[in-house]
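Notes for the one structure printed next.
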Amino acid sequence: GPEGDALSQAVKETVEILRSGVQQGGGPEAALSDEEVMKKFTEQLQGLDGDPAMQGVMENMMQQLLSKEFLHEPLQEIASKYPDWLEKNRGSLSEEELARYTRQQQVVQDILDVYEKTPEDVEKVVQLMQQM
């Protein structure tokens with residue numbers, strides 16, 4: 001149905017944005033923490049959210065979006081960029097920023113671990129994402 005299309009469109013765009021963010025440089029997490037991305041995504045989702053029939057679809061979509069197939073590769077890409085980026089920018093970061101990026105690096109690593117060990121544990125991935 002049309003909801004399904006709107007949904008897969010939202011998911012596709014979000015993943016594209018994540019990917020392009022990773023490739024453009026900026027912070028290693030530029031792709032993920034970009035509030036624009038999340039805002040756009042949330043707006044798309046809110047359009048669907050008012051409809052009770054969409055509740056299940058939403059959960060379904062989150063599971064898809066956070067599934068290993070979708071996120072494993074972009075996250076690995078981001079994880080691989082953290083150490084160098086932190087090394088290079090250490091001097092210009094405040095204590096607070098350094099702590100935040102280091103924590104994000106750890107969270108990305110934890111998510112990758114979940115994907116390696118228990119890829120079906122989407123709940124865990126959601127919890128980790130919220131710590132970003």
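For the structure tokens, the naming scheme is as follows: chains receive sequential letters (A, B, ...) according to their order of presentation, residues are indexed from 1 within each chain, and ligands are indexed from 1 in presentation order.
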How close does stretch 77-125 of chain A get to stretch 59-66 of chain A? List, as a Markdown table, each residue of stretch 77-125 of chain A within 10 Å, its nearest atom pair and the distance in Å to one decimal, counting only C-alpha atoms.
| residue | atom | partner | partner_atom | distance |
| --- | --- | --- | --- | --- |
| A:Ile111 | CA | A:Leu66 | CA | 9.8 |
| A:Tyr115 | CA | A:Leu66 | CA | 9.9 |
| A:Pro119 | CA | A:Leu66 | CA | 9.8 |
| A:Glu120 | CA | A:Gln63 | CA | 9.1 |
| A:Asp121 | CA | A:Gln63 | CA | 9.4 |
| A:Val122 | CA | A:Gln63 | CA | 6.2 |
| A:Glu123 | CA | A:Gln63 | CA | 8.5 |
| A:Val125 | CA | A:Leu66 | CA | 7.0 |
(request) Find the residues near stretch 91-105 of chain A: any atom within 8 Å, counting only C-alpha atoms, skip ones fewer than 6 places away on the same chain, and give them as a count of residues only. (result) 5
(request) Tell me, in Å to one decimal, how far atom CA of A:Val108 is from atom CA of A:Ser67. (result) 13.9 Å
(message) Counting only C-alpha atoms, which residue out of A:Val126, A:Val57, A:Leu86, A:Ser80 sits closest to A:Gln109?
(response)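 Looking at the shortest contact to A:Gln109, the residue is A:Ser80.
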(request) Please measure the separation of atom CA of A:Asp113 and atom CA of A:Met129, giving the value in Å to one decimal. (result) 13.1 Å
(message) One number please: atom CA of A:Glu77 to atom CA of A:Lys117, in Å, one decimal.
(response)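 Result for atom CA of A:Glu77 versus atom CA of A:Lys117: 18.7 Å, one decimal.
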